[in-house]
>>> print(open('target_27.tsv').read())   # TSV, C-alpha atoms
chain	number	residue	atom	x	y	z
I	244	MET	CA	6.90	114.79	111.23
I	245	THR	CA	10.54	114.38	110.31
I	246	SER	CA	11.33	112.88	106.91
I	247	PHE	CA	14.27	110.52	106.40
I	248	ASP	CA	16.29	109.75	103.28
I	249	THR	CA	15.60	106.08	102.56
I	250	SER	CA	17.60	105.83	99.33
I	251	PRO	CA	19.25	102.44	98.70
I	252	GLN	CA	22.71	104.03	98.87
I	253	LEU	CA	22.05	105.51	102.31
I	254	ASN	CA	20.59	102.24	103.59
I	255	VAL	CA	23.70	100.38	102.41
I	256	TRP	CA	25.89	102.98	104.11
I	257	ARG	CA	23.97	102.62	107.37
I	258	ALA	CA	24.26	98.84	107.22
I	259	LEU	CA	28.00	99.08	106.72
I	260	LEU	CA	28.23	101.44	109.66
I	261	ALA	CA	26.29	99.04	111.86
I	262	LEU	CA	28.56	96.15	110.90
I	263	ALA	CA	31.61	98.29	111.57
I	264	VAL	CA	30.33	99.18	115.03
I	265	VAL	CA	29.84	95.49	115.85
I	266	PHE	CA	33.36	94.81	114.59
I	267	VAL	CA	34.73	97.56	116.79
I	268	MET	CA	33.01	96.10	119.86
I	269	LEU	CA	34.35	92.62	119.17
I	270	ALA	CA	37.81	93.86	118.34
I	271	THR	CA	37.94	96.02	121.44
I	272	THR	CA	36.79	93.17	123.69
I	273	GLY	CA	39.37	90.83	122.21
I	274	TRP	CA	42.15	93.42	122.48
I	275	THR	CA	41.31	94.09	126.13
I	276	ALA	CA	41.28	90.39	126.99
I	277	LEU	CA	44.61	89.86	125.26
I	278	ARG	CA	46.23	92.87	126.84
I	279	SER	CA	45.21	91.83	130.34
I	280	HIS	CA	47.46	88.78	130.03
I	281	ARG	CA	50.52	90.68	128.85
I	282	GLU	CA	53.36	91.37	131.20
I	283	ALA	CA	53.65	94.83	132.72
I	284	SER	CA	55.36	97.46	130.58
I	285	ALA	CA	58.61	99.15	131.60
I	286	LEU	CA	56.65	102.29	132.52
I	287	GLN	CA	54.25	100.31	134.70
I	288	VAL	CA	57.17	98.62	136.43
I	289	SER	CA	58.81	101.99	137.11
I	290	LEU	CA	55.56	103.48	138.44
I	291	SER	CA	55.02	100.44	140.67
I	292	ALA	CA	58.55	100.78	142.04
I	293	TRP	CA	57.88	104.47	142.76
I	294	GLU	CA	54.63	103.61	144.55
I	295	HIS	CA	56.50	101.20	146.83
I	296	GLY	CA	59.52	103.47	147.21
I	297	SER	CA	60.52	105.95	149.87
I	298	LEU	CA	62.85	108.89	150.45
I	299	HIS	CA	64.43	109.44	153.88
I	300	GLY	CA	61.99	106.93	155.33
I	301	HIS	CA	58.91	108.68	153.93
I	302	ARG	CA	56.60	107.25	151.27
I	303	LEU	CA	56.74	108.92	147.88
I	304	PRO	CA	53.55	110.71	146.74
I	305	ASP	CA	51.01	109.07	144.46
I	306	PRO	CA	52.45	109.43	140.93
I	307	SER	CA	48.94	110.14	139.61
I	308	ALA	CA	48.30	112.92	142.15
I	309	ALA	CA	47.31	116.38	140.94
I	310	PRO	CA	50.22	118.20	139.23
I	311	ALA	CA	50.19	120.89	141.93
I	312	VAL	CA	50.76	118.24	144.63
I	313	LEU	CA	53.71	116.76	142.77
I	314	THR	CA	55.11	120.20	141.98
I	315	ARG	CA	55.13	121.03	145.70
I	316	PHE	CA	56.79	117.70	146.49
I	317	PHE	CA	59.65	118.21	144.05
I	318	ALA	CA	60.03	121.85	145.15
I	319	SER	CA	60.60	120.61	148.69
I	320	LEU	CA	63.60	118.52	147.60
I	321	GLY	CA	67.19	119.47	147.04
I	322	ALA	CA	68.89	119.07	143.67
I	323	GLN	CA	70.67	115.90	144.78
I	324	GLU	CA	67.42	114.32	145.96
I	325	ARG	CA	65.65	115.11	142.69
I	326	THR	CA	68.54	113.66	140.71
I	327	HIS	CA	68.45	110.53	142.86
I	328	LEU	CA	64.76	109.99	142.09
I	329	ALA	CA	65.31	110.53	138.37
I	330	HIS	CA	68.06	107.91	138.31
I	331	ARG	CA	66.11	105.41	140.37
I	332	TYR	CA	62.73	105.80	138.63
I	333	PRO	CA	63.54	107.32	135.21
I	334	LEU	CA	60.37	106.35	133.36
I	335	ALA	CA	58.12	107.27	136.27
I	336	VAL	CA	59.71	110.71	136.74
I	337	GLY	CA	60.03	111.31	133.00
I	338	ASN	CA	56.28	110.92	132.54
I	339	MET	CA	55.16	112.53	135.79
I	340	ASN	CA	52.93	115.57	135.27
I	341	GLY	CA	53.98	118.05	137.93
I	342	ALA	CA	57.67	117.13	137.97
I	343	PRO	CA	60.00	119.98	136.90
I	344	VAL	CA	60.42	119.89	133.12
I	345	GLU	CA	64.23	119.91	133.30
I	346	LEU	CA	64.08	116.89	135.62
I	347	ARG	CA	61.76	115.12	133.18
I	348	TYR	CA	64.21	115.79	130.35
I	349	ARG	CA	67.03	114.27	132.42
I	350	ALA	CA	64.94	111.27	133.49
I	351	ASN	CA	63.80	110.56	129.94
I	352	HIS	CA	67.38	110.71	128.69
I	353	LEU	CA	68.18	107.93	131.18
I	354	ALA	CA	65.06	105.98	130.19
I	355	LEU	CA	65.95	106.28	126.51
I	356	ASP	CA	69.41	104.89	127.21
I	357	GLN	CA	67.90	101.92	129.05
I	358	ALA	CA	65.49	101.28	126.16
I	359	ARG	CA	68.36	101.61	123.67
I	360	LYS	CA	70.30	98.87	125.49
I	361	VAL	CA	67.25	96.60	125.43
I	362	GLU	CA	66.85	97.00	121.66
I	363	LYS	CA	70.58	96.52	121.10
I	364	LYS	CA	70.31	93.08	122.70
I	365	ARG	CA	67.19	92.25	120.70
I	366	ILE	CA	69.03	92.87	117.43
I	367	HIS	CA	70.98	89.65	118.07
I	368	ASP	CA	68.13	87.68	119.67
I	369	SER	CA	67.80	84.47	117.67
I	370	ARG	CA	64.22	84.05	118.87
I	371	LEU	CA	63.21	87.06	116.75
I	372	THR	CA	62.52	86.90	113.03
I	373	PRO	CA	64.82	88.88	110.74
I	374	ASP	CA	62.08	91.51	110.49
I	375	GLY	CA	61.88	91.63	114.29
I	376	GLN	CA	65.63	92.11	114.57
I	377	GLN	CA	65.53	94.84	111.94
I	378	GLN	CA	62.71	96.58	113.82
I	379	ALA	CA	64.79	96.43	117.00
I	380	GLY	CA	67.64	98.08	115.13
I	381	ARG	CA	65.39	100.88	113.90
I	382	ARG	CA	64.09	101.52	117.41
I	383	MET	CA	67.63	101.52	118.83
I	384	HIS	CA	68.73	104.14	116.31
I	385	ARG	CA	65.63	106.23	117.01
I	386	TYR	CA	66.38	106.20	120.75
I	387	GLU	CA	69.97	107.21	120.04
I	388	ALA	CA	68.75	110.15	117.95
I	389	LEU	CA	66.36	111.25	120.69
I	390	MET	CA	69.26	111.23	123.17
I	391	ALA	CA	71.25	113.74	121.11
I	392	LYS	CA	72.49	116.83	122.91
I	393	GLY	CA	69.96	119.64	122.99
I	394	ARG	CA	66.86	117.48	122.63
I	395	HIS	CA	64.23	117.92	125.35
I	396	ILE	CA	62.04	114.83	125.72
I	397	LEU	CA	59.03	115.63	127.91
I	398	ALA	CA	57.40	112.19	127.80
I	399	PHE	CA	58.57	108.74	126.71
I	400	ASP	CA	57.02	105.28	126.84
I	401	PRO	CA	58.65	102.49	124.78
I	402	ALA	CA	55.70	100.09	125.17
I	403	GLY	CA	53.98	98.93	121.99
I	404	SER	CA	54.51	101.32	119.09
I	405	GLY	CA	55.75	103.93	121.56
I	406	ARG	CA	54.60	107.32	122.84
I	407	ILE	CA	56.69	110.47	123.02
I	408	ALA	CA	56.64	114.26	123.35
I	409	GLU	CA	59.43	116.74	122.65
I	410	VAL	CA	59.82	120.43	123.49
I	411	PHE	CA	61.35	123.15	121.31
I	412	GLY	CA	62.17	126.33	123.18
I	413	ASN	CA	62.14	127.07	126.90
I	414	LEU	CA	58.88	125.67	128.23
I	415	ARG	CA	59.40	126.99	131.75
I	416	THR	CA	59.88	130.66	130.75
I	417	ALA	CA	57.79	130.78	127.55
I	418	ARG	CA	55.24	133.57	127.19
I	419	ARG	CA	53.34	131.58	124.57
I	420	VAL	CA	53.07	127.79	124.33
I	421	SER	CA	51.95	125.84	121.27
I	422	VAL	CA	51.11	122.13	121.19
I	423	VAL	CA	51.09	120.13	117.95
I	424	VAL	CA	48.73	117.13	118.05
I	425	PRO	CA	49.31	114.76	115.08
I	426	GLY	CA	47.03	112.14	113.56
I	427	VAL	CA	47.10	108.56	112.28
I	428	ASP	CA	50.25	106.48	111.86
I	429	THR	CA	52.10	108.44	114.53
I	430	ASP	CA	54.43	106.36	116.67
I	431	MET	CA	58.04	106.23	117.82
I	432	LEU	CA	59.41	105.44	114.38
I	433	THR	CA	57.34	108.03	112.51
I	434	PHE	CA	57.84	110.77	115.12
I	435	GLN	CA	60.56	112.21	112.89
I	436	LYS	CA	61.12	111.69	109.17
I	437	THR	CA	64.08	112.33	106.89
I	438	TYR	CA	61.85	112.47	103.83
I	439	SER	CA	58.71	114.64	104.00
I	440	PRO	CA	59.93	115.97	107.37
I	441	TYR	CA	57.03	118.40	107.82
I	442	SER	CA	54.49	115.58	107.76
I	443	ALA	CA	55.92	114.22	111.06
I	444	PRO	CA	55.48	115.70	114.55
I	445	VAL	CA	59.11	116.82	114.98
I	446	GLY	CA	59.14	118.59	111.62
I	447	MET	CA	55.73	120.14	112.28
I	448	ALA	CA	56.82	121.51	115.65
I	449	LYS	CA	60.21	122.74	114.45
I	450	ALA	CA	58.61	124.52	111.49
I	451	LEU	CA	56.02	126.15	113.76
I	452	TYR	CA	58.65	127.19	116.31
I	453	SER	CA	60.76	128.79	113.57
I	454	ALA	CA	57.75	130.55	112.03
I	455	GLU	CA	56.63	131.90	115.41
I	456	ARG	CA	60.06	133.34	116.11
I	457	ALA	CA	60.14	134.91	112.64
I	458	GLN	CA	56.69	136.44	113.18
I	459	SER	CA	57.54	137.85	116.62
I	460	PRO	CA	61.25	137.59	117.51
I	461	THR	CA	60.73	139.17	120.93
I	462	THR	CA	58.03	136.76	122.07
I	463	GLY	CA	59.44	133.87	124.07
I	464	THR	CA	57.72	130.79	122.64
I	465	ALA	CA	57.84	127.05	123.17
I	466	VAL	CA	56.35	124.35	120.94
I	467	ILE	CA	55.58	120.79	121.99
I	468	ALA	CA	55.50	117.95	119.47
I	469	TRP	CA	52.96	115.85	121.33
I	470	ALA	CA	52.74	112.22	120.24
I	471	ASP	CA	52.03	110.93	123.75
I	472	TYR	CA	48.96	108.93	122.77
I	473	THR	CA	48.38	105.72	120.83
I	474	ALA	CA	47.26	106.95	117.41
I	475	PRO	CA	45.31	104.77	114.97
I	476	GLY	CA	47.46	102.79	112.58
I	477	GLY	CA	46.28	103.66	109.08
I	478	LEU	CA	42.77	104.45	107.91
I	479	GLY	CA	41.01	101.46	109.45
I	480	VAL	CA	38.25	101.13	112.01
I	481	ASP	CA	40.27	102.83	114.77
I	482	ALA	CA	40.59	105.96	112.64
I	483	ALA	CA	36.82	106.03	112.07
I	484	THR	CA	35.94	105.89	115.78
I	485	ALA	CA	36.77	107.97	118.85
I	486	MET	CA	38.29	105.11	120.86
I	487	ARG	CA	41.89	106.26	120.42
I	488	ALA	CA	40.83	109.90	120.69
I	489	GLU	CA	39.14	109.39	124.05
I	490	ASP	CA	42.30	107.96	125.59
I	491	GLY	CA	44.37	110.63	123.88
I	492	ALA	CA	42.10	113.39	125.18
I	493	VAL	CA	42.66	112.28	128.78
I	494	ARG	CA	46.41	112.30	128.25
I	495	LEU	CA	46.37	115.65	126.44
I	496	ASN	CA	44.40	117.37	129.20
I	497	ALA	CA	46.72	115.88	131.81
I	498	LEU	CA	49.63	117.52	130.00
I	499	LEU	CA	47.84	120.86	129.62
I	500	ARG	CA	46.95	121.01	133.31
I	501	ALA	CA	50.57	120.30	134.26
I	502	LEU	CA	52.32	122.85	132.04
I	503	PRO	CA	54.50	125.20	134.09
I	504	GLY	CA	53.69	128.89	134.36
I	505	ALA	CA	50.55	130.61	133.14
I	506	ALA	CA	51.38	131.38	129.50
I	507	PRO	CA	48.49	131.19	127.00
I	508	VAL	CA	48.38	127.91	125.10
I	509	ALA	CA	47.40	127.26	121.47
I	510	LEU	CA	46.65	123.78	120.10
I	511	PHE	CA	47.35	122.86	116.48
I	512	CYS	CA	45.58	119.61	115.69
I	513	HIS	CA	46.13	117.81	112.40
I	514	SER	CA	43.86	115.14	110.87
I	515	TYR	CA	42.85	112.57	113.53
I	516	GLY	CA	44.59	114.83	116.04
I	517	SER	CA	41.63	117.19	115.62
I	518	VAL	CA	39.36	114.38	116.84
I	519	VAL	CA	41.55	114.12	119.95
I	520	CYS	CA	41.33	117.88	120.46
I	521	GLY	CA	37.58	117.88	119.89
I	522	VAL	CA	37.03	115.21	122.54
I	523	ALA	CA	39.44	116.96	124.92
I	524	ALA	CA	37.99	120.46	124.42
I	525	ARG	CA	35.40	120.39	127.20
I	526	GLY	CA	37.98	119.45	129.83
I	527	MET	CA	40.76	121.82	128.75
I	528	PRO	CA	42.07	124.41	131.20
I	529	ARG	CA	41.12	128.02	130.46
I	530	ARG	CA	44.69	128.91	129.60
I	531	VAL	CA	44.06	127.21	126.24
I	532	ARG	CA	43.12	130.28	124.21
I	533	ASP	CA	43.15	128.87	120.69
I	534	LEU	CA	42.25	125.54	119.12
I	535	ALA	CA	43.20	125.27	115.44
I	536	VAL	CA	42.52	122.23	113.25
I	537	ALA	CA	43.81	121.35	109.80
I	538	GLY	CA	42.70	118.55	107.49
I	539	SER	CA	40.09	117.51	110.03
I	540	PRO	CA	37.71	114.56	109.58
I	541	GLY	CA	35.48	116.16	112.26
I	542	MET	CA	35.62	117.02	115.96
I	543	ARG	CA	32.79	114.80	117.28
I	544	VAL	CA	30.34	117.73	117.47
I	545	ALA	CA	27.88	119.41	115.09
I	546	LYS	CA	29.01	122.96	115.89
I	547	ALA	CA	32.07	124.66	117.32
I	548	SER	CA	29.90	126.07	120.11
I	549	HIS	CA	29.19	122.49	121.26
I	550	LEU	CA	32.86	121.83	122.05
I	551	GLY	CA	32.39	123.34	125.49
I	552	THR	CA	35.58	125.39	125.47
I	553	SER	CA	36.24	129.10	125.87
I	554	ALA	CA	39.08	128.83	123.32
I	555	ARG	CA	38.77	130.40	119.88
I	556	VAL	CA	38.20	127.65	117.30
I	557	TRP	CA	39.98	127.92	113.95
I	558	SER	CA	39.91	125.53	110.99
I	559	MET	CA	41.51	125.16	107.58
I	560	ARG	CA	41.62	122.72	104.71
I	561	ASP	CA	43.67	122.74	101.55
I	562	ALA	CA	41.69	122.48	98.31
I	563	GLY	CA	43.63	119.34	97.36
I	564	ASP	CA	43.22	117.56	100.71
I	565	TRP	CA	41.59	114.14	100.25
I	566	ILE	CA	40.00	114.41	103.71
I	567	GLN	CA	37.22	116.50	102.16
I	568	ASP	CA	35.86	113.30	100.59
I	569	VAL	CA	35.21	111.50	103.90
I	570	PRO	CA	31.55	111.37	105.05
I	571	TYR	CA	31.14	114.21	107.55
I	572	LEU	CA	28.68	112.43	109.84
I	573	GLU	CA	28.57	110.31	112.98
I	574	VAL	CA	26.35	107.24	113.21
I	575	GLY	CA	26.59	104.61	115.93
I	576	GLY	CA	30.03	105.79	116.97
I	577	LEU	CA	31.47	105.68	113.45
I	578	GLY	CA	32.53	108.95	111.83
I	579	HIS	CA	33.47	112.20	113.50
I	580	GLY	CA	30.63	114.60	112.85
I	581	ALA	CA	30.31	117.89	110.99
I	582	ASP	CA	32.88	119.46	108.68
I	583	PRO	CA	34.91	122.04	110.68
I	584	VAL	CA	35.39	124.30	107.64
I	585	SER	CA	31.67	124.44	106.83
I	586	ALA	CA	29.84	127.68	107.55
I	587	ALA	CA	27.33	125.81	109.71
I	588	PHE	CA	30.08	124.56	112.04
I	589	GLY	CA	30.98	128.09	113.08
I	590	ALA	CA	34.77	127.97	113.33
I	591	ARG	CA	36.96	130.81	112.05
I	592	VAL	CA	38.10	129.47	108.66
I	593	LEU	CA	41.68	130.26	107.65
I	594	SER	CA	43.49	130.19	104.34
I	595	ALA	CA	45.57	127.07	103.66
I	596	TRP	CA	47.00	128.31	100.36
I	597	ASP	CA	49.94	126.23	99.09
I	598	ALA	CA	49.53	123.61	101.83
I	599	ASP	CA	49.92	120.88	99.17
I	600	GLY	CA	47.37	118.33	100.32
I	601	HIS	CA	46.70	116.53	103.56
I	602	SER	CA	50.28	116.38	104.88
I	603	GLY	CA	51.48	119.83	103.86
I	604	TYR	CA	50.01	122.23	106.42
I	605	PHE	CA	53.32	122.80	108.24
I	606	GLU	CA	55.42	123.30	105.10
I	607	PRO	CA	57.48	126.52	105.35
I	608	GLY	CA	56.22	129.30	103.08
I	609	THR	CA	52.56	128.25	103.20
I	610	ASP	CA	49.61	130.35	104.35
I	611	SER	CA	48.69	127.54	106.70
I	612	LEU	CA	51.98	127.69	108.62
I	613	ARG	CA	51.98	131.50	108.67
I	614	ASN	CA	48.46	131.45	110.07
I	615	PHE	CA	49.44	128.92	112.72
I	616	ALA	CA	52.41	131.09	113.72
I	617	ASP	CA	50.22	134.21	113.93
I	618	ILE	CA	47.83	132.39	116.24
I	619	GLY	CA	50.67	130.92	118.27
I	620	VAL	CA	52.07	134.36	119.14
I	621	GLY	CA	48.68	136.05	119.44
I	622	ALA	CA	48.99	138.16	116.26
I	623	TYR	CA	45.33	137.70	115.32
I	624	ARG	CA	45.20	140.81	113.14
I	625	SER	CA	47.73	139.17	110.82
I	626	VAL	CA	45.90	135.93	110.01
I	627	THR	CA	44.74	135.35	106.44
I	628	CYS	CA	41.12	134.26	106.21
I	629	ALA	CA	39.81	131.76	103.68
I	630	LEU	CA	37.79	133.21	100.82
I	631	SER	CA	34.73	131.49	102.25
I	632	ASP	CA	35.15	133.29	105.58
I	633	SER	CA	36.56	136.75	104.96
I	634	GLY	CA	35.40	137.79	108.42
I	635	CYS	CA	37.36	135.21	110.41
I	636	ARG	CA	39.10	138.06	112.27
I	637	THR	CA	35.79	139.63	113.37
I	638	GLY	CA	35.79	140.52	117.05
I	639	LEU	CA	39.52	139.89	117.49
I	640	SER	CA	41.64	142.80	118.61
I	641	GLY	CA	44.87	140.84	118.52
I	642	THR	CA	47.95	142.04	120.33
I	643	SER	CA	50.50	144.62	119.32
I	644	LYS	CA	54.19	143.84	119.02
I	645	ALA	CA	54.79	145.87	122.16
I	646	GLU	CA	52.26	143.77	124.05
I	647	ARG	CA	53.89	140.55	122.83
I	648	ALA	CA	57.39	141.74	123.72
>>> encode(input="target_27.tsv", output="structure tokens")
Amino acid sequence: MTSFDTSPQLNVWRALLALAVVFVMLATTGWTALRSHREASALQVSLSAWEHGSLHGHRLPDPSAAPAVLTRFFASLGAQERTHLAHRYPLAVGNMNGAPVELRYRANHLALDQARKVEKKRIHDSRLTPDGQQQAGRRMHRYEALMAKGRHILAFDPAGSGRIAEVFGNLRTARRVSVVVPGVDTDMLTFQKTYSPYSAPVGMAKALYSAERAQSPTTGTAVIAWADYTAPGGLGVDAATAMRAEDGAVRLNALLRALPGAAPVALFCHSYGSVVCGVAARGMPRRVRDLAVAGSPGMRVAKASHLGTSARVWSMRDAGDWIQDVPYLEVGGLGHGADPVSAAFGARVLSAWDADGHSGYFEPGTDSLRNFADIGVGAYRSVTCALSDSGCRTGLSGTSKAERA
């Protein structure tokens, strides 16, 4: 017969969990009811226009069709026809998995300019509060920055707090692709930061891209800063449940299935981003070879083997990371399960020396970033294991520099 801990503290904790679950259900129901009465977003309008549109008298394909179908459609068009579609349906094309990446960059540049003009008008809208006008100004300047020459925006949706993804490197010709999946408080305005730049998706991806090129200069790499999901805002109820992660997982797998070429892919998932990756793992394409998490509150499973992926699973946590104090459990939908750096979980545990707490894993010069770069280019022999898992390289042959060239 199984025994249960019935201590007063545990009973209080369970009661709080139960109340939180009820709150989540009520909040979710209310949010859904409210959202159903909102007007369609700019992306929805663009997709609807595409669905009712035509080219040379022929209906356009379903924008949610399999990426291979859309890839064949765009391949059948001439350059002028593709440009026409990007100008007519910029948000639809810019977010269309299966469209050529260069066309998506061009379409999203146009969509950003449209969104910039909207926010420019809102700055002077007397119906807005001063805070609302200031927020419009911040968004306008962010859109202007994202339109700068040389930036490659792979996805963009201005609705709500905003969703976005940016590419560093040549995604179409890359021999290794890395995807950075960030955690809570990620939105359009926090996508890039002037202060603490390596705690934001752009800084994380740029640091990783630079470290990968330093590790293996002859390996063509591309890194995606992927903030194309609605992340929880702060450490509230959303951050303690998988609701945001489940939607994010669908979007992440849609991206992974649509990536051009056949290059191996590595995921680098930080904080709540590791919950997204954990939920997405079972549906990931086999080209995802590595799944690395840092500062994780859990991956919604008890063991790495339960993730249902063929990818190697890596984990790390800095000794000063506050995330270690969260309850590593899952009860009634609250909490995210076992600790990914525990021996029982079964991931390959890496050193995170000098990571400097929860937001410092992508800081240049740290073991954590070097380890990420080694994984990103397939240099498995070079990774530095944590003291608790000196055998994290066991069974990995790695690749030689000649093989990566």
>>> residues_around(input="target_27.tsv", residues="segment 482-494 of chain I", least_positions_apart="5", cutoff="9 Å", atoms="all atoms listed in the file", output="MDAnalysis selection string")
chainID I and resid 264 267 426:427 471:477 499 515:524 526 540 543 576:579
>>> closest_residue(input="target_27.tsv", among="I:Asp400, I:Asp374, I:Asp356, I:Asp568", to="Glu387 of chain I", atoms="only C-alpha atoms")
I:Asp356
>>> residues_around(input="target_27.tsv", residues="Pro425 of chain I", least_positions_apart="2", cutoff="8 Å", atoms="all atoms listed in the file", output="PDB file with C-alpha atoms, in the coordinates of the input")
ATOM      1  CA  VAL I 423      51.090 120.130 117.950  1.00  0.00           C
ATOM      2  CA  VAL I 427      47.100 108.560 112.280  1.00  0.00           C
ATOM      3  CA  THR I 429      52.100 108.440 114.530  1.00  0.00           C
ATOM      4  CA  ALA I 443      55.920 114.220 111.060  1.00  0.00           C
ATOM      5  CA  PRO I 444      55.480 115.700 114.550  1.00  0.00           C
ATOM      6  CA  TRP I 469      52.960 115.850 121.330  1.00  0.00           C
ATOM      7  CA  ALA I 470      52.740 112.220 120.240  1.00  0.00           C
ATOM      8  CA  CYS I 512      45.580 119.610 115.690  1.00  0.00           C
ATOM      9  CA  HIS I 513      46.130 117.810 112.400  1.00  0.00           C
ATOM     10  CA  SER I 514      43.860 115.140 110.870  1.00  0.00           C
ATOM     11  CA  TYR I 515      42.850 112.570 113.530  1.00  0.00           C
ATOM     12  CA  GLY I 516      44.590 114.830 116.040  1.00  0.00           C
TER      13      GLY I 516
END
>>> atom_distance(input="target_27.tsv", atom1="atom CA of Asp599 of chain I", atom2="atom CA of Ala562 of chain I")
8.4 Å
>>> residues_around(input="target_27.tsv", residues="segment 286-303 of chain I", least_positions_apart="2", cutoff="7 Å", atoms="all atoms listed in the file", output="PyMOL selection string")
chain I and resi 283-284+305+332+334-335+400
>>> write_last_selection(input="target_27.tsv", atoms="C-alpha atoms", output="CSV table (one decimal), keeping the file's coordinate frame")
chain,number,residue,atom,x,y,z
I,283,ALA,CA,53.6,94.8,132.7
I,284,SER,CA,55.4,97.5,130.6
I,305,ASP,CA,51.0,109.1,144.5
I,332,TYR,CA,62.7,105.8,138.6
I,334,LEU,CA,60.4,106.4,133.4
I,335,ALA,CA,58.1,107.3,136.3
I,400,ASP,CA,57.0,105.3,126.8
>>> atom_distance(input="target_27.tsv", atom1="atom CA of Ala342 of chain I", atom2="atom CA of Ala308 of chain I")
11.1 Å
>>> atom_distance(input="target_27.tsv", atom1="atom CA of Ala318 of chain I", atom2="atom CA of Val344 of chain I")
12.2 Å
>>> axis_aligned_box(input="target_27.tsv", around="segment 293-299 of chain I", padding_each_side="4 Å", output="lines of an AutoDock Vina configuration file")
center_x = 59.5
center_y = 105.3
center_z = 148.3
size_x = 17.8
size_y = 16.2
size_z = 19.1
>>> closest_residue(input="target_27.tsv", among="I:His352, I:Leu498, I:Arg529, I:Phe411", to="Ala391 of chain I", atoms="all atoms listed in the file")
I:His352
>>> closest_residue(input="target_27.tsv", among="I:Leu346, I:Ala505, I:Ile566, I:Val336", to="Ala322 of chain I", atoms="all atoms listed in the file")
I:Leu346
>>> closest_residue(input="target_27.tsv", among="I:Val536, I:Ala616, I:Leu414, I:Ala350", to="Thr326 of chain I", atoms="all atoms listed in the file")
I:Ala350
>>> closest_residue(input="target_27.tsv", among="I:Leu389, I:Val592, I:Val312, I:Leu353", to="Ser633 of chain I", atoms="only C-alpha atoms")
I:Val592
>>> residues_near_point(input="target_27.tsv", point="(55.5, 116.3, 111.9)", cutoff="12 Å", atoms="all atoms listed in the file", output="JSON, numbers by chain")
{"I": [408, 409, 422, 423, 424, 425, 426, 427, 428, 429, 430, 431, 432, 433, 434, 435, 436, 437, 438, 439, 440, 441, 442, 443, 444, 445, 446, 447, 448, 449, 450, 451, 467, 468, 469, 470, 511, 512, 513, 514, 516, 602, 603, 604, 605, 606]}
>>> closest_residue(input="target_27.tsv", among="I:Ser539, I:Arg349, I:Glu573, I:Lys363", to="His327 of chain I", atoms="all atoms listed in the file")
I:Arg349
>>> residues_around(input="target_27.tsv", residues="Tyr386 of chain I", least_positions_apart="3", cutoff="7 Å", atoms="all atoms listed in the file", output="PDB file with C-alpha atoms, keeping the file's coordinate frame")
ATOM      1  CA  LEU I 355      65.950 106.280 126.510  1.00  0.00           C
ATOM      2  CA  ARG I 359      68.360 101.610 123.670  1.00  0.00           C
ATOM      3  CA  ARG I 382      64.090 101.520 117.410  1.00  0.00           C
ATOM      4  CA  MET I 383      67.630 101.520 118.830  1.00  0.00           C
ATOM      5  CA  LEU I 389      66.360 111.250 120.690  1.00  0.00           C
ATOM      6  CA  MET I 390      69.260 111.230 123.170  1.00  0.00           C
TER       7      MET I 390
END
>>> build_atoms(input="target_27.tsv", residues="segment 510-520 of chain I", atoms="N, CA and C atoms", output="compact mmCIF listing (two decimals), in the frame of the given file")
# COMPACT_ATOMS: atom_id res chain seq x y z
N LEU I 510 46.56 125.15 120.60
CA LEU I 510 46.65 123.78 120.10
C LEU I 510 46.53 123.78 118.59
N PHE I 511 47.38 123.00 117.93
CA PHE I 511 47.35 122.86 116.48
C PHE I 511 47.19 121.37 116.17
N CYS I 512 45.99 121.01 115.76
CA CYS I 512 45.58 119.61 115.69
C CYS I 512 45.38 119.20 114.24
N HIS I 513 46.15 118.21 113.80
CA HIS I 513 46.13 117.81 112.40
C HIS I 513 45.41 116.47 112.23
N SER I 514 44.51 116.39 111.24
CA SER I 514 43.86 115.14 110.87
C SER I 514 43.17 114.50 112.07
N TYR I 515 43.49 113.22 112.38
CA TYR I 515 42.85 112.57 113.53
C TYR I 515 43.18 113.29 114.84
N GLY I 516 44.27 114.04 114.85
CA GLY I 516 44.59 114.83 116.04
C GLY I 516 43.50 115.82 116.37
N SER I 517 42.75 116.27 115.36
CA SER I 517 41.63 117.19 115.62
C SER I 517 40.47 116.48 116.31
N VAL I 518 40.36 115.16 116.10
CA VAL I 518 39.36 114.38 116.84
C VAL I 518 39.76 114.33 118.32
N VAL I 519 41.04 114.11 118.58
CA VAL I 519 41.55 114.12 119.95
C VAL I 519 41.24 115.47 120.61
N CYS I 520 41.55 116.55 119.90
CA CYS I 520 41.33 117.88 120.46
C CYS I 520 39.85 118.17 120.66
